[in-house]
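Here's the structure, in structure tokens; my notes come after.
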Amino acid sequence: MPATVVVGTQWGDEGKGKLTDLIAKEMAMVVRYQGGHNAGHTLVVDGESFALQLVPSGVLYDHIVPVIGNGVVVDPFVLLAEIDTLESKGVDCSRLRVSGNAHLILPYHQELDMLTERYLGKNKLGTTKRGIGPTYADKAMRVGIRVQDLLDEKIFRAKLDAVLGDKNTVLTRVYNRLPTDPDELADRVMAEVVPRLRPHVADSVGLVHDALDAGENVLFEGAQATFLDLDHGTYPFVTSSNPVAGGACTGAGIGPRHIQRVVGIAKAYITRVGAGPFPTELFDADGDALVDRGHEFGTNTGRRRRPGWFDAVMMRQAVRLNSLSEVAITKLDILDTFDTLKVCVAYDVNGERHEHLPYHQSDLHSAKPIYEELPGWQSDLTAVRERSELPTPAVRYLEFLEGQIGAPISLVGVGPGREQFVNFSG
Ligand code: IMP
């Protein structure tokens with residue numbers, strides 16, 4: 001199974017980190033293909049917690065080469081701080097490779113992200129304010145600065161000078177802010193970033209293809225999720241990249257024929273951070289229970305996530321958009337205390353039943369979930385390791401989801417620890 005893609009199927013925070021870590025065990029290489037430090041994974045290994053933002057999940061295994069692909073946007077200061085934190089906990093980051101074609105998030109991107117959000121007022125998107133959108137915008141405008149530019153000081157300074165002419169006009173004249181001094185920023189980058197990052201910069205496409213040609217297993221790790229996809233998500237309440245499985249092709253430099261397996265990660269319920277439509281959103285005690293029991297607060301931003309019941313309509317769309325070959329369900333244990341569980345099986349849009357996601361966003365805004373209710377199991381699943389140990393209502397819930405989604409469920413997470421999962425398919 002040389003090339004596998006792992007992709008979030010909802011609005012992010014599905015617990016991809018833990019599942020990716022689990023699947024990564026059999027891989028020689030793990031490649032992040034999009035997003036930046038707007039992502040945040042927490043992995044618990046032997047009781048110790050590791051928070052990853054930019055570094056691919058495989059870093060915790062000695063045999064894996066973690067690669068940051070060309071489709072990722074990299075804040076070099078954040079990356080170096082993350083490496084320092086990992087190394088202080090004894091994790092060797094020397095194998096980490098960063099694509100020379102990845103674009104750099106620099107301080108002015110972050111400032112512009114914050115300012116744009118502020119000026120949008122009540123129409124703001126609720127971004128993570130990490131500079132993600134402005135950096136991808138610069139990439140599309142062809143004024144971005146890439147990781148490889150760090151290796152040629154003359155080019156780096158020239159590009160920074162050129163782009164800051166425009167950015168400073170906007171910062172000072174539109175937003176009434178102080179300009180960024182290009183020399184000061186370049187000096188800081190040259191002193192603090194370049195000497196440390198240089199050994200990690202690589203031809204990531206070459207590395208990926210050498211591994212695939214040698215028959216090694218390579219995992220392509222998506223950040224964010226299907227419904228935050230710039231093209232297929234709930235635009236404009238999306239991120240600025242393509243988390244869908246196809247994003248692995250452009251974001252890592254492979255063709256679609258390389259991909260044999262696509263694992264979709266779905267939480268046993270749903271959460272969303274930031275603004276945007278959310279048909280199964282809960283505003284009641286059940287929602288509060290999901291947030292409390294699931295610790296549904298952003299790893300990075302601390303924001304309370306909006307909770308809701310599992311939505312099979314979205315999942316059917318996620319199966320289509322990603323060609324999912326299997327689904328891994330996370331955080332099933334969070335549902336342990338509920339008497340009954342609801343699953344959205346279709347939407348009512350202006351009196352009409354929709355089994356598939358309506359293409360027009362106004363319809364999604366007004367969609368009312370049609371639920372099926374299933375009995376809960378009211379027992380603690382956190383120690384369950386085998387399918388045969390799952391209480392019957394939990395098996396029924398998972399089998400019901402499989403039937404609704406139209407893809408098999410392979411793994412089921414029952415707690416934050418690396419060992420807390422059930423192989424549902426075998
Ligand atoms: P941005 O990616 O910071 O531009 O934010 C755009 C939207 O994506 C906002 O609604 C964010 O809350 C959301 N978002 C970005 N990254 C993540 C993530 O890793 N998990 C969940 N939501 C995210």
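Naming works like this for the structure tokens: A, B, ... for the chains as they're shown, residue 1 at the start of each chain, ligands 1 onward in shown order.
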
Selection as a count of residues only: residues within 6 Å of ligand 1 by only C-alpha atoms and all ligand atoms: 23

Which of segment 135-315 of chain A DSSP labels alpha helix (DSSP H), written as a PyMOL selection string: chain A and resi 135-141+153-169+182-188+194-197+204-213+247-252+285-294+312-315

Any chance you can output those residues with C-alpha atoms as a compact mmCIF listing (two decimals), in the first residue's frame?
```txt
# COMPACT_ATOMS: atom_id res chain seq x y z
CA THR A 135 0.24 33.90 2.37
CA TYR A 136 -1.76 31.73 -0.05
CA ALA A 137 -3.07 34.96 -1.64
CA ASP A 138 0.53 36.10 -2.23
CA LYS A 139 1.32 32.69 -3.72
CA ALA A 140 -1.57 33.07 -6.18
CA MET A 141 -0.57 36.68 -6.89
CA GLU A 153 20.33 36.11 0.53
CA LYS A 154 20.41 38.48 -2.45
CA ILE A 155 17.22 37.06 -3.90
CA PHE A 156 15.49 36.92 -0.52
CA ARG A 157 16.26 40.59 0.18
CA ALA A 158 15.21 41.67 -3.32
CA LYS A 159 11.89 39.81 -3.13
CA LEU A 160 11.17 41.09 0.37
CA ASP A 161 11.95 44.66 -0.70
CA ALA A 162 9.64 44.39 -3.69
CA VAL A 163 6.69 42.87 -1.87
CA LEU A 164 6.95 45.13 1.14
CA GLY A 165 6.62 48.19 -1.11
CA ASP A 166 3.06 47.09 -1.78
CA LYS A 167 2.31 45.65 1.68
CA ASN A 168 3.57 48.76 3.45
CA THR A 169 1.34 50.98 1.35
CA PRO A 182 12.54 45.12 4.94
CA ASP A 183 16.16 45.29 6.12
CA GLU A 184 15.25 44.67 9.73
CA LEU A 185 13.08 41.67 8.84
CA ALA A 186 15.68 40.28 6.41
CA ASP A 187 18.46 40.65 9.02
CA ARG A 188 16.35 38.81 11.56
CA VAL A 194 18.60 30.52 7.80
CA PRO A 195 21.47 28.79 9.65
CA ARG A 196 19.06 26.48 11.46
CA LEU A 197 16.63 25.78 8.61
CA SER A 204 10.57 17.16 -1.40
CA VAL A 205 9.16 15.90 -4.73
CA GLY A 206 12.39 13.99 -5.35
CA LEU A 207 12.31 12.51 -1.83
CA VAL A 208 8.69 11.39 -2.17
CA HIS A 209 9.24 9.76 -5.56
CA ASP A 210 12.47 8.05 -4.48
CA ALA A 211 10.54 6.53 -1.57
CA LEU A 212 7.60 5.48 -3.77
CA ASP A 213 9.94 4.07 -6.44
CA GLY A 247 -4.70 18.31 -2.53
CA ALA A 248 -2.06 15.65 -1.87
CA CYS A 249 -1.34 15.59 -5.61
CA THR A 250 -0.62 19.29 -5.96
CA GLY A 251 0.65 19.80 -2.41
CA ALA A 252 3.19 16.98 -2.51
CA ALA A 285 -27.43 20.67 27.11
CA ASP A 286 -26.44 17.88 24.69
CA GLY A 287 -24.15 20.34 22.90
CA ASP A 288 -22.64 21.48 26.21
CA ALA A 289 -22.07 17.84 27.17
CA LEU A 290 -20.23 17.18 23.88
CA VAL A 291 -18.01 20.24 24.43
CA ASP A 292 -17.30 19.39 28.09
CA ARG A 293 -16.73 15.68 27.68
CA GLY A 294 -14.82 16.12 24.41
CA ALA A 312 -24.27 11.55 7.29
CA VAL A 313 -25.19 13.95 4.47
CA MET A 314 -21.84 15.68 4.82
CA MET A 315 -20.08 12.34 5.09
```

Distance in Å - atom CA of Lys89 of chain A versus atom CA of Glu221 of chain A: 23.0 Å

Those in segment 118-366 of chain A with strand (DSSP E) from DSSP, as an MDAnalysis selection string: chainID A and resid 201:202 218:221 261:267 270:272 306:308 310:311 326:330 340:349 352:354

Would you save the residues from that selection as a short mmCIF file (atom, residue, chain, number, x, y, z; two decimals), in the first residue's frame, using N, CA, C and O atoms?
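Once everything was written out, this is result27.cif:
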```cif
data_model
loop_
_atom_site.label_atom_id
_atom_site.label_comp_id
_atom_site.auth_asym_id
_atom_site.auth_seq_id
_atom_site.Cartn_x
_atom_site.Cartn_y
_atom_site.Cartn_z
N VAL A 201 16.10 21.99 4.38
CA VAL A 201 15.48 22.35 3.09
C VAL A 201 15.84 21.30 2.05
O VAL A 201 17.01 20.90 1.93
N ALA A 202 14.83 20.85 1.28
CA ALA A 202 15.09 19.74 0.35
C ALA A 202 14.18 19.80 -0.86
O ALA A 202 13.20 20.55 -0.90
N VAL A 218 4.28 5.58 1.91
CA VAL A 218 4.30 7.01 2.17
C VAL A 218 2.89 7.47 2.55
O VAL A 218 1.92 7.12 1.88
N LEU A 219 2.82 8.21 3.63
CA LEU A 219 1.52 8.73 4.09
C LEU A 219 1.44 10.22 3.80
O LEU A 219 2.36 10.97 4.14
N PHE A 220 0.35 10.64 3.18
CA PHE A 220 0.14 12.06 2.88
C PHE A 220 -0.89 12.56 3.89
O PHE A 220 -2.03 12.08 3.92
N GLU A 221 -0.45 13.51 4.70
CA GLU A 221 -1.25 13.95 5.84
C GLU A 221 -1.92 15.28 5.56
O GLU A 221 -1.25 16.30 5.36
N ARG A 261 -4.96 4.32 -1.21
CA ARG A 261 -5.83 4.22 -0.04
C ARG A 261 -6.09 5.63 0.48
O ARG A 261 -5.16 6.42 0.62
N VAL A 262 -7.37 5.93 0.75
CA VAL A 262 -7.71 7.23 1.32
C VAL A 262 -8.53 6.99 2.59
O VAL A 262 -9.63 6.44 2.54
N VAL A 263 -7.95 7.39 3.71
CA VAL A 263 -8.63 7.20 5.00
C VAL A 263 -9.26 8.52 5.43
O VAL A 263 -8.57 9.53 5.59
N GLY A 264 -10.57 8.51 5.58
CA GLY A 264 -11.28 9.71 6.05
C GLY A 264 -11.44 9.64 7.55
O GLY A 264 -11.86 8.61 8.08
N ILE A 265 -11.10 10.72 8.23
CA ILE A 265 -11.26 10.73 9.69
C ILE A 265 -12.52 11.53 10.05
O ILE A 265 -12.69 12.67 9.60
N ALA A 266 -13.38 10.90 10.83
CA ALA A 266 -14.62 11.57 11.25
C ALA A 266 -14.80 11.39 12.75
O ALA A 266 -14.60 10.29 13.27
N LYS A 267 -15.18 12.46 13.40
CA LYS A 267 -15.50 12.35 14.82
C LYS A 267 -16.89 11.72 14.93
O LYS A 267 -17.71 11.87 14.02
N ILE A 270 -19.91 16.11 15.60
CA ILE A 270 -19.18 17.11 14.79
C ILE A 270 -18.89 18.35 15.61
O ILE A 270 -19.67 18.70 16.51
N THR A 271 -17.78 19.01 15.29
CA THR A 271 -17.57 20.36 15.83
C THR A 271 -17.08 21.26 14.71
O THR A 271 -16.61 20.79 13.68
N ARG A 272 -17.21 22.54 14.97
CA ARG A 272 -16.71 23.52 14.00
C ARG A 272 -16.23 24.73 14.78
O ARG A 272 -16.89 25.12 15.76
N ARG A 306 -18.01 24.79 18.19
CA ARG A 306 -19.47 24.64 18.10
C ARG A 306 -19.77 23.14 17.95
O ARG A 306 -19.21 22.49 17.07
N PRO A 307 -20.66 22.59 18.77
CA PRO A 307 -20.92 21.14 18.72
C PRO A 307 -22.17 20.78 17.91
O PRO A 307 -23.08 21.60 17.75
N GLY A 308 -22.24 19.54 17.43
CA GLY A 308 -23.44 19.08 16.71
C GLY A 308 -23.43 17.57 16.56
O GLY A 308 -22.40 16.92 16.79
N PHE A 310 -23.68 13.90 14.53
CA PHE A 310 -23.04 13.34 13.32
C PHE A 310 -23.94 13.60 12.11
O PHE A 310 -25.15 13.40 12.16
N ASP A 311 -23.32 14.01 11.01
CA ASP A 311 -24.08 14.40 9.83
C ASP A 311 -23.69 13.48 8.66
O ASP A 311 -22.63 13.64 8.04
N GLU A 326 -11.96 4.09 3.23
CA GLU A 326 -12.38 3.67 4.57
C GLU A 326 -12.54 4.90 5.45
O GLU A 326 -12.06 5.99 5.10
N VAL A 327 -13.22 4.70 6.57
CA VAL A 327 -13.43 5.81 7.50
C VAL A 327 -12.94 5.38 8.87
O VAL A 327 -13.17 4.25 9.30
N ALA A 328 -12.24 6.26 9.56
CA ALA A 328 -11.86 6.02 10.95
C ALA A 328 -12.68 6.96 11.81
O ALA A 328 -12.75 8.17 11.53
N ILE A 329 -13.34 6.41 12.82
CA ILE A 329 -14.18 7.22 13.70
C ILE A 329 -13.40 7.52 14.98
O ILE A 329 -12.80 6.63 15.57
N THR A 330 -13.40 8.78 15.38
CA THR A 330 -12.67 9.15 16.60
C THR A 330 -13.63 9.56 17.71
O THR A 330 -14.79 9.91 17.45
N THR A 340 -29.71 8.61 24.37
CA THR A 340 -29.98 8.38 22.96
C THR A 340 -29.04 9.24 22.12
O THR A 340 -28.57 10.28 22.58
N LEU A 341 -28.80 8.78 20.89
CA LEU A 341 -27.90 9.51 20.00
C LEU A 341 -28.65 9.82 18.72
O LEU A 341 -29.46 9.01 18.26
N LYS A 342 -28.36 10.98 18.16
CA LYS A 342 -29.01 11.32 16.90
C LYS A 342 -27.98 11.32 15.77
O LYS A 342 -26.84 11.74 15.96
N VAL A 343 -28.44 10.88 14.59
CA VAL A 343 -27.61 10.94 13.39
C VAL A 343 -28.45 11.61 12.31
O VAL A 343 -29.60 11.20 12.07
N CYS A 344 -27.88 12.63 11.68
CA CYS A 344 -28.61 13.31 10.61
C CYS A 344 -28.48 12.46 9.33
O CYS A 344 -27.37 12.23 8.86
N VAL A 345 -29.62 12.01 8.80
CA VAL A 345 -29.59 11.12 7.63
C VAL A 345 -29.96 11.85 6.33
O VAL A 345 -29.73 11.33 5.23
N ALA A 346 -30.59 13.01 6.47
CA ALA A 346 -30.98 13.81 5.29
C ALA A 346 -31.28 15.22 5.77
O ALA A 346 -31.36 15.47 6.98
N TYR A 347 -31.42 16.14 4.81
CA TYR A 347 -31.82 17.51 5.17
C TYR A 347 -33.21 17.78 4.62
O TYR A 347 -33.57 17.29 3.54
N ASP A 348 -33.93 18.61 5.36
CA ASP A 348 -35.18 19.17 4.85
C ASP A 348 -34.85 20.59 4.40
O ASP A 348 -34.49 21.43 5.21
N VAL A 349 -34.93 20.81 3.08
CA VAL A 349 -34.67 22.15 2.56
C VAL A 349 -35.96 22.65 1.93
O VAL A 349 -36.41 22.12 0.90
N GLU A 352 -38.33 19.96 1.09
CA GLU A 352 -37.85 18.90 0.20
C GLU A 352 -36.74 18.11 0.88
O GLU A 352 -35.86 18.70 1.51
N ARG A 353 -36.78 16.77 0.74
CA ARG A 353 -35.76 15.93 1.38
C ARG A 353 -34.50 15.85 0.50
O ARG A 353 -34.59 15.55 -0.69
N HIS A 354 -33.35 16.11 1.10
CA HIS A 354 -32.06 16.03 0.38
C HIS A 354 -31.18 14.98 1.03
O HIS A 354 -30.83 15.11 2.20
#
```

A:Pro107, A:Gly403, A:Pro277, A:Gly253 ranked by distance to Pro134 of chain A, top pick (using only C-alpha atoms):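 Distance minimum relative to Pro134 of chain A lands on A:Pro107.
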
Straight-line distance linking atom CA of Glu389 of chain A with atom CA of Lys18 of chain A, stated in Å to one decimal: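 Separating atom CA of Glu389 of chain A from atom CA of Lys18 of chain A is a distance of 21.5 Å.
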
One-decimal distance in Å that lies between atom CA of Pro76 of chain A and atom CA of Arg173 of chain A: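 Computing the Euclidean distance for atom CA of Arg173 of chain A and atom CA of Pro76 of chain A yields 27.9 Å.
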
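Of the residues listed (A:Gln148, A:Ser366, A:Thr226, A:Asn70), A:Thr226 shows the shortest atom-to-atom separation from Arg316 of chain A; distances use only C-alpha atoms.
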
A:Leu86, A:Leu357, A:Leu22, A:Ala3 ranked by distance to Ser49 of chain A, top pick (using only C-alpha atoms):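 Checking each of A:Leu86, A:Leu357, A:Leu22, A:Ala3 against Ser49 of chain A, counting only C-alpha atoms, the winner is A:Leu86.
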